[in-house]
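Just below is one structure, and these are the notes that go with it.
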Amino acid sequence: MDGQPFHPGELKAQALAGQSSRGTGIRSFMPDQHREFFALLPYIFAAGLDTAGHPIATVLTGEAGFVTSPSPTELAIAARPAAYDPAMAAFAAGAPIGLLGLDFRTRRRNRANGRITALTDGGMTAAIGESFGNCAKYIQARQHEAVPASAPTTEELAGLAAAARSLIAQSDTLFIASASKSGVDISHRGGRPGFVAVEGDRLTVPDFAGNSYFNTLGNLLLEPAASLLFIDFSSGDLIQLQGETEIVWGGPECDELAGAQRFWRFHSQRGWRRREALSLRWSAPEPAPTTLATGRWRPTSAAAG
C-alpha cells in the first residue's frame with residue numbers, strides 16, 4: 001500500500017506494546033492466492049456496523065464457491081445474513097464490511113476489508129480496500145461436515161445466562177469485530193478451553209503474541225465498542241454479543257496465564273443465542289502448537305481489577 005498502512009490507534013497500540021511493524025503484508029488488493037482461497041470456503045466471517053454504529057459480528061455460509069473474486073479488488077458473496085440474524089441490518093449498500101476467511105482444516109486465514117457496493121436478493125458484492133494474510137497461530141484444526149438445514153431460533157439474552165456463560169467458558173475460539181474511521185475489522189482469537197474468563201457479564205481475554213499489527217487493539221483504543229462471536233462447533237449454535245472493552249497493557253494478571261502479553265475485558269451489554277444457526281458441524285479440535293504453549297486463567301486471576 002502507498003503511505004502508512006496503520007491508523008493512529010494501531011500506531012499507538014504498537015507503541016504501548018513496545019512493538020512495531022512496517023505492515024509490508026498489507027495490500028490494497030487481493031493476490032491471486034487469496035482470491036482462490038476464499039473460493040474454497042463454505043463459510044466466511046463478517047462484520048458490519050448496526051444502525052447505532054456499533055460493530056456486529058456474524059458468519060455467512062454456502063456451498064464451497066459461494067464466495068468468488070471477480071477482480072483483485074472485489075469479492076462477491078452469494079449469501080446475506082438471515083432475517084433472524086441481529087447483524088442483518090448492518091449489511092447495506094455503501095456500508096463498511098470486514099471479512100475473514102479461515103479454513104479450520106488447514107489453519108489458513110486471510111483478511112479483506114472494504115465496502116459493500118451492491119446487494120442482491122441472495123448476496124452482496126464488496127470492494128476491497130485492504131487485504132492481508134494472518135498466521136496460523138492459536139487456530140485449532142477441525143474438520144467440518146454439512147448437515148440438513150433446521151429451523152433455527154434466535155433468543156435475545158438478558159445478560160449472559162448460565163448456558164451462554166458455560167459455552168463461552170469452554171470455548172477455544174472466538175471472533176471479535178471492531179471499528180475505526182478506517183473501516184471495520186473481524187479477527188480470530190484462540191487458546192485453550194478456558195482462555196476466556198467469565199465473571200457475570202464480563203469476559204476477560206488474553207492477548208498472545210501475534211503479527212504486531214495490532215489492528216483490533218488499535219481500533220479499541222479509538223472506539224471501545226466491539227462485538228464477539230462464539231460458535232458451538234458440535235451443535236451449530238452461535239452466540240453474538242455487543243459491548244464495551246477496556247485494555248490492560250500489563251500487570252500481575254498477565255503473569256497468571258502462560259503466553260499472555262496483555263489482556264482486554266469485554267463488558268457484555270446485549271446478546272443473542274441462535275440455536276442451530278449453522279448447517280455445519282465440526283470434529284473435535286486439534287490444538288495448534290502455539291495454543292499448547294499457552295495457559296488458562298486461574299479461577300481468581302481474571303476477576304482481579
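Just so we're on the same page: first chain in the C-alpha cells is A, next is B, and so on; residues restart at 1 for each chain, and ligands are numbered from 1 in the order they show up.
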
Selection: 7 Å around region 111-122 of chain A, only C-alpha atoms, excl. self and same-chain fewer than 5 positions, as a ChimeraX atom specification: /A:78-80,92-101,127-133,184-185

With 10 Å as the cut-off and only C-alpha atoms counted, what is the closest atom pair between each nearby residue of region 56-122 of chain A and region 134-157 of chain A? Distances in Å to one decimal, ordered by chain and number, as JSON lines.
```
{"residue": "A:Gly62", "atom": "CA", "partner": "A:Ala146", "partner_atom": "CA", "distance": 9.9}
{"residue": "A:Glu63", "atom": "CA", "partner": "A:Ala146", "partner_atom": "CA", "distance": 9.2}
{"residue": "A:Tyr84", "atom": "CA", "partner": "A:Thr154", "partner_atom": "CA", "distance": 6.4}
{"residue": "A:Asp85", "atom": "CA", "partner": "A:Thr154", "partner_atom": "CA", "distance": 7.7}
{"residue": "A:Pro86", "atom": "CA", "partner": "A:Thr154", "partner_atom": "CA", "distance": 8.8}
{"residue": "A:Leu100", "atom": "CA", "partner": "A:Asn134", "partner_atom": "CA", "distance": 9.7}
{"residue": "A:Gly101", "atom": "CA", "partner": "A:Asn134", "partner_atom": "CA", "distance": 9.9}
{"residue": "A:Leu102", "atom": "CA", "partner": "A:Ile139", "partner_atom": "CA", "distance": 9.1}
{"residue": "A:Asp103", "atom": "CA", "partner": "A:Ala141", "partner_atom": "CA", "distance": 8.5}
{"residue": "A:Phe104", "atom": "CA", "partner": "A:Ala141", "partner_atom": "CA", "distance": 5.0}
{"residue": "A:Arg105", "atom": "CA", "partner": "A:Arg142", "partner_atom": "CA", "distance": 5.3}
{"residue": "A:Thr106", "atom": "CA", "partner": "A:Ala141", "partner_atom": "CA", "distance": 6.7}
{"residue": "A:Arg107", "atom": "CA", "partner": "A:Ala136", "partner_atom": "CA", "distance": 5.2}
{"residue": "A:Arg108", "atom": "CA", "partner": "A:Ala136", "partner_atom": "CA", "distance": 5.9}
{"residue": "A:Arg109", "atom": "CA", "partner": "A:Asn134", "partner_atom": "CA", "distance": 5.6}
{"residue": "A:Asn110", "atom": "CA", "partner": "A:Asn134", "partner_atom": "CA", "distance": 5.7}
{"residue": "A:Arg111", "atom": "CA", "partner": "A:Asn134", "partner_atom": "CA", "distance": 7.3}
```

DSSP helix (DSSP H, G or I) residues within region 24-215 of chain A, listed as a PyMOL selection string: chain A and resi 32-38+88-90+162-170+215

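Pairwise distance (CA of Gly190 (chain A), CA of Thr173 (chain A)) equals 4.4 Å.
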
Surrounding residues of Val67 (chain A) excluding itself and chain neighbours under 5 positions, 10 Å, only C-alpha atoms, as a list in words: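 What passes the distance filter is Arg35, Glu36, Phe37, Phe38, Ala39, Leu40, Leu41, Pro42, Tyr43, Ile44, Leu60, Thr61, Gly62, Leu75, Ala76, Ile77, Ala78, Ala79, Gly101, Gly123, Met124 and Thr125 of chain A.
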
Dump C-alpha atoms for the selected residues as a tab-separated table (two decimals), in the first residue's frame?
```
chain	number	residue	atom	x	y	z
A	35	ARG	CA	-8.77	-14.86	-4.20
A	36	GLU	CA	-8.53	-18.60	-4.81
A	37	PHE	CA	-8.55	-19.35	-1.09
A	38	PHE	CA	-11.85	-17.56	-0.43
A	39	ALA	CA	-13.49	-19.65	-3.17
A	40	LEU	CA	-12.63	-22.85	-1.28
A	41	LEU	CA	-14.62	-21.97	1.82
A	42	PRO	CA	-18.19	-22.95	2.81
A	43	TYR	CA	-18.28	-20.14	5.40
A	44	ILE	CA	-16.87	-16.65	5.85
A	60	LEU	CA	-22.21	-16.45	6.38
A	61	THR	CA	-22.39	-19.92	4.85
A	62	GLY	CA	-22.95	-21.61	1.50
A	75	LEU	CA	-15.39	-10.19	-3.51
A	76	ALA	CA	-18.85	-11.47	-4.40
A	77	ILE	CA	-20.67	-13.40	-1.67
A	78	ALA	CA	-23.74	-15.44	-2.58
A	79	ALA	CA	-25.21	-15.08	0.91
A	101	GLY	CA	-11.68	-16.26	5.54
A	123	GLY	CA	-25.94	-11.91	-1.81
A	124	MET	CA	-23.66	-8.91	-1.95
A	125	THR	CA	-20.52	-7.55	-3.58
```

Among listed residues A:Arg273, A:Arg281, A:Arg296, A:Arg165, nearest Ala258 (chain A) (using only C-alpha atoms):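 Smallest distance to Ala258 (chain A) is found for A:Arg296.
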
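Close contacts of Pro193 (chain A), defined as residues with an atom at most 7 Å away when counting only C-alpha atoms, with chain neighbours fewer than 3 positions off set aside, comprise Gln170, Ser171 and Asp172 of chain A.
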
Next, dump the selected residues to file, keeping only N, CA and C atoms, as a CSV table (one decimal), in the first residue's frame.
```
chain,number,residue,atom,x,y,z
A,170,GLN,N,-16.0,-22.7,27.9
A,170,GLN,CA,-15.4,-23.9,27.4
A,170,GLN,C,-14.8,-23.7,26.0
A,171,SER,N,-15.0,-22.5,25.5
A,171,SER,CA,-14.6,-22.2,24.1
A,171,SER,C,-13.1,-22.1,23.9
A,172,ASP,N,-12.6,-22.5,22.8
A,172,ASP,CA,-11.2,-22.4,22.4
A,172,ASP,C,-11.0,-21.4,21.3
```

Residues of region 40-200 of chain A in strand (DSSP E), written as a VMD selection string: chain A and resid 43 to 49 55 to 61 67 to 71 74 to 77 96 to 103 108 to 120 123 to 134 144 to 146 153 to 157 173 to 180 183 to 190 197 to 199

Keeping only C-alpha atoms, write the selected residues as a PDB file, in the first residue's frame.
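After the write, again_21.pdb holds the following:
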```pdb
ATOM      1  CA  TYR A  43     -18.279 -20.142   5.405  1.00  0.00           C
ATOM      2  CA  ILE A  44     -16.870 -16.653   5.849  1.00  0.00           C
ATOM      3  CA  PHE A  45     -16.804 -14.489   8.974  1.00  0.00           C
ATOM      4  CA  ALA A  46     -18.142 -10.970   8.507  1.00  0.00           C
ATOM      5  CA  ALA A  47     -18.579  -7.759  10.469  1.00  0.00           C
ATOM      6  CA  GLY A  48     -20.506  -4.558   9.931  1.00  0.00           C
ATOM      7  CA  LEU A  49     -21.972  -1.633  11.838  1.00  0.00           C
ATOM      8  CA  PRO A  55     -19.859  -3.360  15.431  1.00  0.00           C
ATOM      9  CA  ILE A  56     -21.692  -6.662  14.986  1.00  0.00           C
ATOM     10  CA  ALA A  57     -20.086  -9.981  14.020  1.00  0.00           C
ATOM     11  CA  THR A  58     -21.651 -12.885  12.162  1.00  0.00           C
ATOM     12  CA  VAL A  59     -20.828 -15.804   9.865  1.00  0.00           C
ATOM     13  CA  LEU A  60     -22.211 -16.446   6.382  1.00  0.00           C
ATOM     14  CA  THR A  61     -22.395 -19.917   4.853  1.00  0.00           C
ATOM     15  CA  VAL A  67     -17.506 -16.572  -2.347  1.00  0.00           C
ATOM     16  CA  THR A  68     -15.819 -15.536  -5.583  1.00  0.00           C
ATOM     17  CA  SER A  69     -13.435 -12.784  -6.632  1.00  0.00           C
ATOM     18  CA  PRO A  70     -14.339 -11.153  -9.956  1.00  0.00           C
ATOM     19  CA  SER A  71     -11.243  -8.933  -9.691  1.00  0.00           C
ATOM     20  CA  GLU A  74     -13.692  -7.351  -5.371  1.00  0.00           C
ATOM     21  CA  LEU A  75     -15.385 -10.190  -3.507  1.00  0.00           C
ATOM     22  CA  ALA A  76     -18.853 -11.471  -4.397  1.00  0.00           C
ATOM     23  CA  ILE A  77     -20.667 -13.404  -1.666  1.00  0.00           C
ATOM     24  CA  PRO A  96     -18.272  -0.859   5.579  1.00  0.00           C
ATOM     25  CA  ILE A  97     -17.597  -4.585   5.838  1.00  0.00           C
ATOM     26  CA  GLY A  98     -14.869  -6.640   7.437  1.00  0.00           C
ATOM     27  CA  LEU A  99     -14.282 -10.173   6.175  1.00  0.00           C
ATOM     28  CA  LEU A 100     -12.199 -13.056   7.449  1.00  0.00           C
ATOM     29  CA  GLY A 101     -11.676 -16.258   5.543  1.00  0.00           C
ATOM     30  CA  LEU A 102     -10.474 -19.023   7.854  1.00  0.00           C
ATOM     31  CA  ASP A 103     -10.133 -22.691   6.947  1.00  0.00           C
ATOM     32  CA  ARG A 108      -5.085 -20.789   6.954  1.00  0.00           C
ATOM     33  CA  ARG A 109      -6.713 -17.352   7.190  1.00  0.00           C
ATOM     34  CA  ASN A 110      -6.900 -14.146   5.162  1.00  0.00           C
ATOM     35  CA  ARG A 111      -8.485 -10.780   5.884  1.00  0.00           C
ATOM     36  CA  ALA A 112     -10.267  -8.482   3.431  1.00  0.00           C
ATOM     37  CA  ASN A 113     -11.875  -5.185   4.441  1.00  0.00           C
ATOM     38  CA  GLY A 114     -13.819  -2.734   2.333  1.00  0.00           C
ATOM     39  CA  ARG A 115     -17.314  -1.512   1.474  1.00  0.00           C
ATOM     40  CA  ILE A 116     -20.455  -3.140   0.150  1.00  0.00           C
ATOM     41  CA  THR A 117     -21.073  -1.894  -3.370  1.00  0.00           C
ATOM     42  CA  ALA A 118     -24.169  -3.871  -4.325  1.00  0.00           C
ATOM     43  CA  LEU A 119     -26.864  -6.083  -2.825  1.00  0.00           C
ATOM     44  CA  THR A 120     -28.953  -8.752  -4.482  1.00  0.00           C
ATOM     45  CA  GLY A 123     -25.939 -11.913  -1.808  1.00  0.00           C
ATOM     46  CA  MET A 124     -23.663  -8.905  -1.954  1.00  0.00           C
ATOM     47  CA  THR A 125     -20.521  -7.548  -3.583  1.00  0.00           C
ATOM     48  CA  ALA A 126     -17.747  -5.775  -1.696  1.00  0.00           C
ATOM     49  CA  ALA A 127     -14.993  -3.505  -2.957  1.00  0.00           C
ATOM     50  CA  ILE A 128     -11.815  -4.469  -1.096  1.00  0.00           C
ATOM     51  CA  GLY A 129      -9.504  -1.709   0.080  1.00  0.00           C
ATOM     52  CA  GLU A 130      -7.284  -3.665   2.465  1.00  0.00           C
ATOM     53  CA  SER A 131      -6.110  -7.271   2.262  1.00  0.00           C
ATOM     54  CA  PHE A 132      -3.583  -9.311   4.197  1.00  0.00           C
ATOM     55  CA  GLY A 133      -2.864 -12.794   5.437  1.00  0.00           C
ATOM     56  CA  ASN A 134      -2.694 -13.893   9.062  1.00  0.00           C
ATOM     57  CA  HIS A 144     -16.430 -29.871   9.035  1.00  0.00           C
ATOM     58  CA  GLU A 145     -19.404 -31.623   7.516  1.00  0.00           C
ATOM     59  CA  ALA A 146     -22.687 -30.279   6.202  1.00  0.00           C
ATOM     60  CA  THR A 153     -34.307 -19.883  16.618  1.00  0.00           C
ATOM     61  CA  THR A 154     -32.948 -16.621  17.994  1.00  0.00           C
ATOM     62  CA  GLU A 155     -33.100 -15.831  21.697  1.00  0.00           C
ATOM     63  CA  GLU A 156     -32.181 -12.359  22.927  1.00  0.00           C
ATOM     64  CA  LEU A 157     -30.056 -12.626  26.036  1.00  0.00           C
ATOM     65  CA  THR A 173     -12.127 -19.892  19.669  1.00  0.00           C
ATOM     66  CA  LEU A 174     -13.819 -16.521  19.334  1.00  0.00           C
ATOM     67  CA  PHE A 175     -14.143 -13.779  16.762  1.00  0.00           C
ATOM     68  CA  ILE A 176     -14.077 -10.071  17.560  1.00  0.00           C
ATOM     69  CA  ALA A 177     -15.455  -7.262  15.402  1.00  0.00           C
ATOM     70  CA  SER A 178     -14.111  -3.756  15.945  1.00  0.00           C
ATOM     71  CA  ALA A 179     -14.159  -0.500  14.026  1.00  0.00           C
ATOM     72  CA  SER A 180     -12.466   2.830  13.430  1.00  0.00           C
ATOM     73  CA  GLY A 183     -13.368   0.735   8.497  1.00  0.00           C
ATOM     74  CA  VAL A 184     -14.495  -2.478  10.165  1.00  0.00           C
ATOM     75  CA  ASP A 185     -12.373  -5.497  11.113  1.00  0.00           C
ATOM     76  CA  ILE A 186     -13.146  -9.015  12.233  1.00  0.00           C
ATOM     77  CA  SER A 187     -10.397 -11.061  13.793  1.00  0.00           C
ATOM     78  CA  HIS A 188      -9.858 -14.523  15.302  1.00  0.00           C
ATOM     79  CA  ARG A 189      -8.696 -15.272  18.829  1.00  0.00           C
ATOM     80  CA  GLY A 190      -7.872 -18.735  20.120  1.00  0.00           C
ATOM     81  CA  ALA A 197     -12.542 -15.930  31.804  1.00  0.00           C
ATOM     82  CA  VAL A 198     -16.212 -15.357  32.591  1.00  0.00           C
ATOM     83  CA  GLU A 199     -17.397 -13.330  35.554  1.00  0.00           C
TER      84      GLU A 199
END
```

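Shortest separation to Ala90 (chain A) among A:Ala52, A:Ala158, A:Gly295, A:Thr73 occurs at residue A:Ala52, atoms counted being only C-alpha atoms.
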
Pick from A:Gln14, A:Thr290, A:Ser279, A:Asn219 nearest to Leu238 (chain A), counting only C-alpha atoms: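 The closest residue to Leu238 (chain A) is A:Ser279.
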
Closest of A:Pro224, A:Gly243, A:Pro285, A:Gly210 to Gly259 (chain A) - atom-to-atom distances counting only C-alpha atoms: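 Distance minimum relative to Gly259 (chain A) lands on A:Gly210.
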
Among the residues A:Glu244, A:Thr291, A:Trp264, A:Leu220, the one that comes closest to Ala13 (chain A) [using only C-alpha atoms]: A:Leu220

Distance of CA of Ile26 (chain A) from CA of Arg192 (chain A), expressed in Å to one decimal place: 28.8 Å
